[in-house]
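Inspection log for the structure reproduced underneath, given as structure tokens.
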Amino acid sequence: MYTPAPWLPRPKDLAMKTVLVLNGPNLNLLGLREPAVYGTQTLADVQALCEAACKTHQFALDFRQSNHEGVLIDAIQEAGRAQAAGALAGVVLNAGAYTHTSLALHDAIKGAGVTLVELHISNVHAREAFRHHSFVSPVAKGVMAGFGIKGYPLAIAALAGMATDA
Ligand code: DQA
């Protein structure tokens with residue numbers, strides 16, 4: 001029987017891990033919605049930035065958007081299973097307004113045990129008081145806010161850094 005030399009990388013190590021970039025409610029309206037706050041670029045532009053960043057860091061990209069809390073929760077649970085199986089590096093989550101309201105998202109992230117970067121295009125702390133509380137932050141590995149859509153590739157770089165540290 002052929003046994004590969006132990007110092008050679010195993011196929012499992014060579015397999016590309018995925019990053020899930022998950023966008024919540026109203027982010028499908030990027031470019032049209034409050035451009036003074038969120039800019040004029042669209043969600044397709046965000047996806048293109050994420051694709052480039054994933055290519056740089058040798059990740060596969062799974063890019064999604066939903067206006068529905070339950071769909072986001074299903075995606076987080078799925079991500080937890082994928083991470084446990086070694087197929088996922090982590091999640092970048094822009095939960096939109098659910099950030100400030102969703103205990104269910106908090107519980108899903110905690111329960112899934114997934115490595116997650118919370119992301120906001122705007123600096124939520126420089127805005128209305130009701131945006132200062134996040135149900136996501138206590139269960140996130142880190143938070144990226146206020147860098148516009150350039151925050152997405154920064155968050156992917158952060159996940160790549162964590163994968164290297166591990
Ligand atoms: C947001 C900030 C949230 O407060 C808001 O509800 C959004 C977008 C951001 O990306 O800056 O929908 O998450």
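Convention: chains lettered A, B, ... in structure tokens order; per-chain residue numbering from 1; ligands numbered from 1 as shown.
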
May I have all residues of segment 8-100 of chain A that DSSP, computed from the backbone, assigns to helix (DSSP H, G or I), given as number ranges by chain? A: 11-14, 27-29, 35-38, 43-56, 69-84, 96-100

Could you please take those selected residues and save N, CA and C atoms as a tab-separated table (two decimals), in the first residue's frame?
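Final output, saved to again-v9.tsv:
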```tsv
chain	number	residue	atom	x	y	z
A	11	PRO	N	-4.07	16.10	1.71
A	11	PRO	CA	-5.11	16.75	0.91
A	11	PRO	C	-6.03	17.63	1.75
A	12	LYS	N	-6.30	17.20	3.00
A	12	LYS	CA	-7.19	17.97	3.88
A	12	LYS	C	-6.62	19.37	4.14
A	13	ASP	N	-5.27	19.45	4.32
A	13	ASP	CA	-4.64	20.74	4.59
A	13	ASP	C	-4.63	21.62	3.35
A	14	LEU	N	-4.64	20.97	2.19
A	14	LEU	CA	-4.57	21.73	0.95
A	14	LEU	C	-5.93	22.27	0.53
A	27	LEU	N	-29.47	45.41	3.14
A	27	LEU	CA	-28.16	45.57	2.50
A	27	LEU	C	-28.23	45.28	1.01
A	28	ASN	N	-29.32	44.66	0.57
A	28	ASN	CA	-29.57	44.52	-0.88
A	28	ASN	C	-29.80	45.90	-1.52
A	29	LEU	N	-30.08	46.90	-0.70
A	29	LEU	CA	-30.36	48.25	-1.23
A	29	LEU	C	-29.12	49.16	-1.24
A	35	PRO	N	-27.24	57.08	0.69
A	35	PRO	CA	-25.86	57.07	0.19
A	35	PRO	C	-24.89	57.91	1.01
A	36	ALA	N	-25.42	58.93	1.72
A	36	ALA	CA	-24.53	59.76	2.54
A	36	ALA	C	-23.95	58.94	3.70
A	37	VAL	N	-24.68	57.90	4.11
A	37	VAL	CA	-24.22	57.06	5.23
A	37	VAL	C	-23.47	55.83	4.71
A	38	TYR	N	-24.05	55.18	3.68
A	38	TYR	CA	-23.54	53.87	3.26
A	38	TYR	C	-22.77	53.90	1.94
A	43	LEU	N	-24.19	46.16	-3.44
A	43	LEU	CA	-23.80	44.88	-2.81
A	43	LEU	C	-22.95	44.05	-3.78
A	44	ALA	N	-23.18	44.22	-5.07
A	44	ALA	CA	-22.35	43.52	-6.06
A	44	ALA	C	-20.91	44.01	-5.98
A	45	ASP	N	-20.73	45.31	-5.70
A	45	ASP	CA	-19.37	45.84	-5.51
A	45	ASP	C	-18.73	45.24	-4.26
A	46	VAL	N	-19.54	45.09	-3.21
A	46	VAL	CA	-19.03	44.47	-1.97
A	46	VAL	C	-18.58	43.04	-2.27
A	47	GLN	N	-19.41	42.33	-3.03
A	47	GLN	CA	-19.08	40.94	-3.37
A	47	GLN	C	-17.76	40.87	-4.14
A	48	ALA	N	-17.57	41.82	-5.07
A	48	ALA	CA	-16.32	41.83	-5.85
A	48	ALA	C	-15.11	42.06	-4.94
A	49	LEU	N	-15.25	42.96	-3.96
A	49	LEU	CA	-14.15	43.20	-3.01
A	49	LEU	C	-13.86	41.93	-2.20
A	50	CYS	N	-14.93	41.25	-1.81
A	50	CYS	CA	-14.77	40.02	-1.00
A	50	CYS	C	-14.12	38.92	-1.84
A	51	GLU	N	-14.52	38.83	-3.10
A	51	GLU	CA	-13.93	37.82	-3.98
A	51	GLU	C	-12.42	38.03	-4.11
A	52	ALA	N	-12.02	39.30	-4.29
A	52	ALA	CA	-10.59	39.63	-4.44
A	52	ALA	C	-9.84	39.30	-3.14
A	53	ALA	N	-10.44	39.66	-2.00
A	53	ALA	CA	-9.77	39.40	-0.72
A	53	ALA	C	-9.64	37.90	-0.47
A	54	CYS	N	-10.68	37.15	-0.82
A	54	CYS	CA	-10.62	35.69	-0.61
A	54	CYS	C	-9.55	35.07	-1.51
A	55	LYS	N	-9.44	35.59	-2.71
A	55	LYS	CA	-8.40	35.08	-3.62
A	55	LYS	C	-7.02	35.32	-3.01
A	56	THR	N	-6.80	36.53	-2.51
A	56	THR	CA	-5.52	36.88	-1.87
A	56	THR	C	-5.19	35.93	-0.73
A	69	GLU	N	-34.62	37.14	9.36
A	69	GLU	CA	-33.84	36.74	10.53
A	69	GLU	C	-33.59	35.23	10.57
A	70	GLY	N	-34.66	34.45	10.30
A	70	GLY	CA	-34.52	32.99	10.36
A	70	GLY	C	-33.56	32.44	9.32
A	71	VAL	N	-33.53	33.07	8.16
A	71	VAL	CA	-32.60	32.63	7.10
A	71	VAL	C	-31.17	32.90	7.54
A	72	LEU	N	-30.95	34.04	8.21
A	72	LEU	CA	-29.60	34.37	8.72
A	72	LEU	C	-29.19	33.35	9.79
A	73	ILE	N	-30.15	33.00	10.64
A	73	ILE	CA	-29.87	32.03	11.72
A	73	ILE	C	-29.53	30.66	11.12
A	74	ASP	N	-30.30	30.24	10.12
A	74	ASP	CA	-30.00	28.96	9.45
A	74	ASP	C	-28.58	28.99	8.87
A	75	ALA	N	-28.20	30.12	8.28
A	75	ALA	CA	-26.86	30.23	7.67
A	75	ALA	C	-25.77	30.16	8.74
A	76	ILE	N	-26.00	30.76	9.90
A	76	ILE	CA	-25.02	30.72	11.00
A	76	ILE	C	-24.88	29.28	11.51
A	77	GLN	N	-26.01	28.59	11.66
A	77	GLN	CA	-25.94	27.19	12.12
A	77	GLN	C	-25.18	26.33	11.12
A	78	GLU	N	-25.47	26.54	9.84
A	78	GLU	CA	-24.78	25.80	8.77
A	78	GLU	C	-23.27	26.10	8.83
A	79	ALA	N	-22.94	27.36	9.08
A	79	ALA	CA	-21.52	27.76	9.16
A	79	ALA	C	-20.83	27.07	10.34
A	80	GLY	N	-21.54	26.96	11.45
A	80	GLY	CA	-20.98	26.28	12.62
A	80	GLY	C	-20.63	24.83	12.29
A	81	ARG	N	-21.53	24.17	11.55
A	81	ARG	CA	-21.27	22.77	11.17
A	81	ARG	C	-20.07	22.70	10.21
A	82	ALA	N	-20.01	23.64	9.28
A	82	ALA	CA	-18.91	23.65	8.30
A	82	ALA	C	-17.58	23.92	8.99
A	83	GLN	N	-17.59	24.83	9.97
A	83	GLN	CA	-16.34	25.12	10.69
A	83	GLN	C	-15.89	23.90	11.50
A	84	ALA	N	-16.86	23.24	12.15
A	84	ALA	CA	-16.53	22.04	12.94
A	84	ALA	C	-15.94	20.96	12.04
A	96	GLY	N	-27.01	44.17	9.84
A	96	GLY	CA	-27.90	45.32	9.67
A	96	GLY	C	-28.60	45.62	10.99
A	97	ALA	N	-29.87	45.99	10.91
A	97	ALA	CA	-30.61	46.39	12.11
A	97	ALA	C	-30.82	45.24	13.09
A	98	TYR	N	-30.73	43.98	12.61
A	98	TYR	CA	-30.87	42.85	13.54
A	98	TYR	C	-29.74	42.84	14.58
A	99	THR	N	-28.63	43.51	14.25
A	99	THR	CA	-27.54	43.67	15.22
A	99	THR	C	-28.08	44.19	16.55
A	100	HIS	N	-29.00	45.15	16.44
A	100	HIS	CA	-29.45	45.89	17.62
A	100	HIS	C	-30.70	45.28	18.27
```

Tell me, counting only C-alpha atoms and all ligand atoms, for each residue of chain A within 6 Å of ligand 1, which pair of atoms is nearest and how far apart they are in Å to one decimal, in rows ordered by chain and increasing number, as JSON lines.
```
{"residue": "A:Asn26", "atom": "CA", "partner": "ligand 1", "partner_atom_place_in_ligand_line": "12 (O)", "distance": 5.9}
{"residue": "A:Asn94", "atom": "CA", "partner": "ligand 1", "partner_atom_place_in_ligand_line": "13 (O)", "distance": 5.4}
{"residue": "A:Ala95", "atom": "CA", "partner": "ligand 1", "partner_atom_place_in_ligand_line": "13 (O)", "distance": 5.8}
{"residue": "A:Gly96", "atom": "CA", "partner": "ligand 1", "partner_atom_place_in_ligand_line": "12 (O)", "distance": 3.4}
{"residue": "A:Ala97", "atom": "CA", "partner": "ligand 1", "partner_atom_place_in_ligand_line": "6 (O)", "distance": 3.3}
{"residue": "A:His120", "atom": "CA", "partner": "ligand 1", "partner_atom_place_in_ligand_line": "10 (O)", "distance": 3.5}
{"residue": "A:Ile121", "atom": "CA", "partner": "ligand 1", "partner_atom_place_in_ligand_line": "10 (O)", "distance": 3.7}
{"residue": "A:Ser122", "atom": "CA", "partner": "ligand 1", "partner_atom_place_in_ligand_line": "11 (O)", "distance": 3.6}
{"residue": "A:Val124", "atom": "CA", "partner": "ligand 1", "partner_atom_place_in_ligand_line": "4 (O)", "distance": 5.8}
{"residue": "A:Arg131", "atom": "CA", "partner": "ligand 1", "partner_atom_place_in_ligand_line": "4 (O)", "distance": 5.1}
```

Could you write out that same residue set with C-alpha atoms as a PDB file, in the first residue's frame?
```
ATOM      1  CA  ASN A  26     -31.732  46.177   3.601  1.00  0.00           C
ATOM      2  CA  ASN A  94     -23.261  42.511   8.722  1.00  0.00           C
ATOM      3  CA  ALA A  95     -26.537  41.845  10.485  1.00  0.00           C
ATOM      4  CA  GLY A  96     -27.899  45.317   9.669  1.00  0.00           C
ATOM      5  CA  ALA A  97     -30.612  46.390  12.110  1.00  0.00           C
ATOM      6  CA  HIS A 120     -20.789  47.615   9.907  1.00  0.00           C
ATOM      7  CA  ILE A 121     -20.213  49.874   6.951  1.00  0.00           C
ATOM      8  CA  SER A 122     -20.942  52.943   9.062  1.00  0.00           C
ATOM      9  CA  VAL A 124     -22.535  52.777  14.482  1.00  0.00           C
ATOM     10  CA  ARG A 131     -27.330  51.706  17.206  1.00  0.00           C
TER      11      ARG A 131
END
```

Which residue, A:Glu34, A:Ala126, A:Leu20, A:Ala15, has the smallest gap to Gly146 of chain A when you use only C-alpha atoms?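 Using only C-alpha atoms, Gly146 of chain A sits closest to A:Ala126.
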
Go ahead and compute the interatomic distance for atom CA of Asn67 of chain A and atom CA of Ala157 of chain A, in Å to one decimal.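 Answer for the atom CA of Asn67 of chain A to atom CA of Ala157 of chain A separation: 26.1 Å.
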
I need the strand (DSSP E or B) residues of chain A per DSSP on the backbone, written as a PyMOL selection string. chain A and resi 17-23+59-65+88-94+116-120+142-145

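Atom CA of Ala60 of chain A lies 22.8 Å from atom CA of Gln41 of chain A.
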
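With only C-alpha atoms as the atoms that count, the minimum distance from Met144 of chain A to the choices A:Leu93, A:Thr115, A:Arg33, A:Ala163 is reached by A:Leu93.
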
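As for atom CA of Asn123 of chain A and atom CA of Ala145 of chain A, they are spaced 5.0 Å apart.
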
Report as a Markdown table the residues of segment 96-133 of chain A within 10 Å of segment 85-90 of chain A, each with its shortest atom pair and distance in Å (one decimal), using only C-alpha atoms, ordered by chain and increasing residue number.
```
| residue | atom | partner | partner_atom | distance |
| --- | --- | --- | --- | --- |
| A:Val114 | CA | A:Gly90 | CA | 6.4 |
| A:Thr115 | CA | A:Gly90 | CA | 4.8 |
| A:Leu116 | CA | A:Gly90 | CA | 5.7 |
| A:Val117 | CA | A:Gly90 | CA | 7.9 |
```

For the selection just defined, write its residues with C-alpha atoms to a file, as an mmCIF file, in the first residue's frame.
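Okay, result.cif is ready:
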```cif
data_model
loop_
_atom_site.group_PDB
_atom_site.id
_atom_site.type_symbol
_atom_site.label_atom_id
_atom_site.label_comp_id
_atom_site.auth_asym_id
_atom_site.auth_seq_id
_atom_site.Cartn_x
_atom_site.Cartn_y
_atom_site.Cartn_z
ATOM 1 C CA VAL A 114 -18.441 29.871 14.867
ATOM 2 C CA THR A 115 -15.562 32.365 14.489
ATOM 3 C CA LEU A 116 -17.322 35.556 13.496
ATOM 4 C CA VAL A 117 -16.361 39.126 12.690
#
```

Looking at only C-alpha atoms, which of A:Val91, A:Val139, A:Met16, A:Leu22 is the one that sits closest to His57 of chain A?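 Of A:Val91, A:Val139, A:Met16, A:Leu22, the one nearest His57 of chain A is A:Met16, counting only C-alpha atoms.
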
Could you name the residues that touch Thr40 of chain A at 8 Å or less, counting only C-alpha atoms, but leaving out those on the same chain fewer than 5 positions away, as a list in words?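 The filter keeps Leu30, Gly31, Leu32 and Pro35 of chain A.
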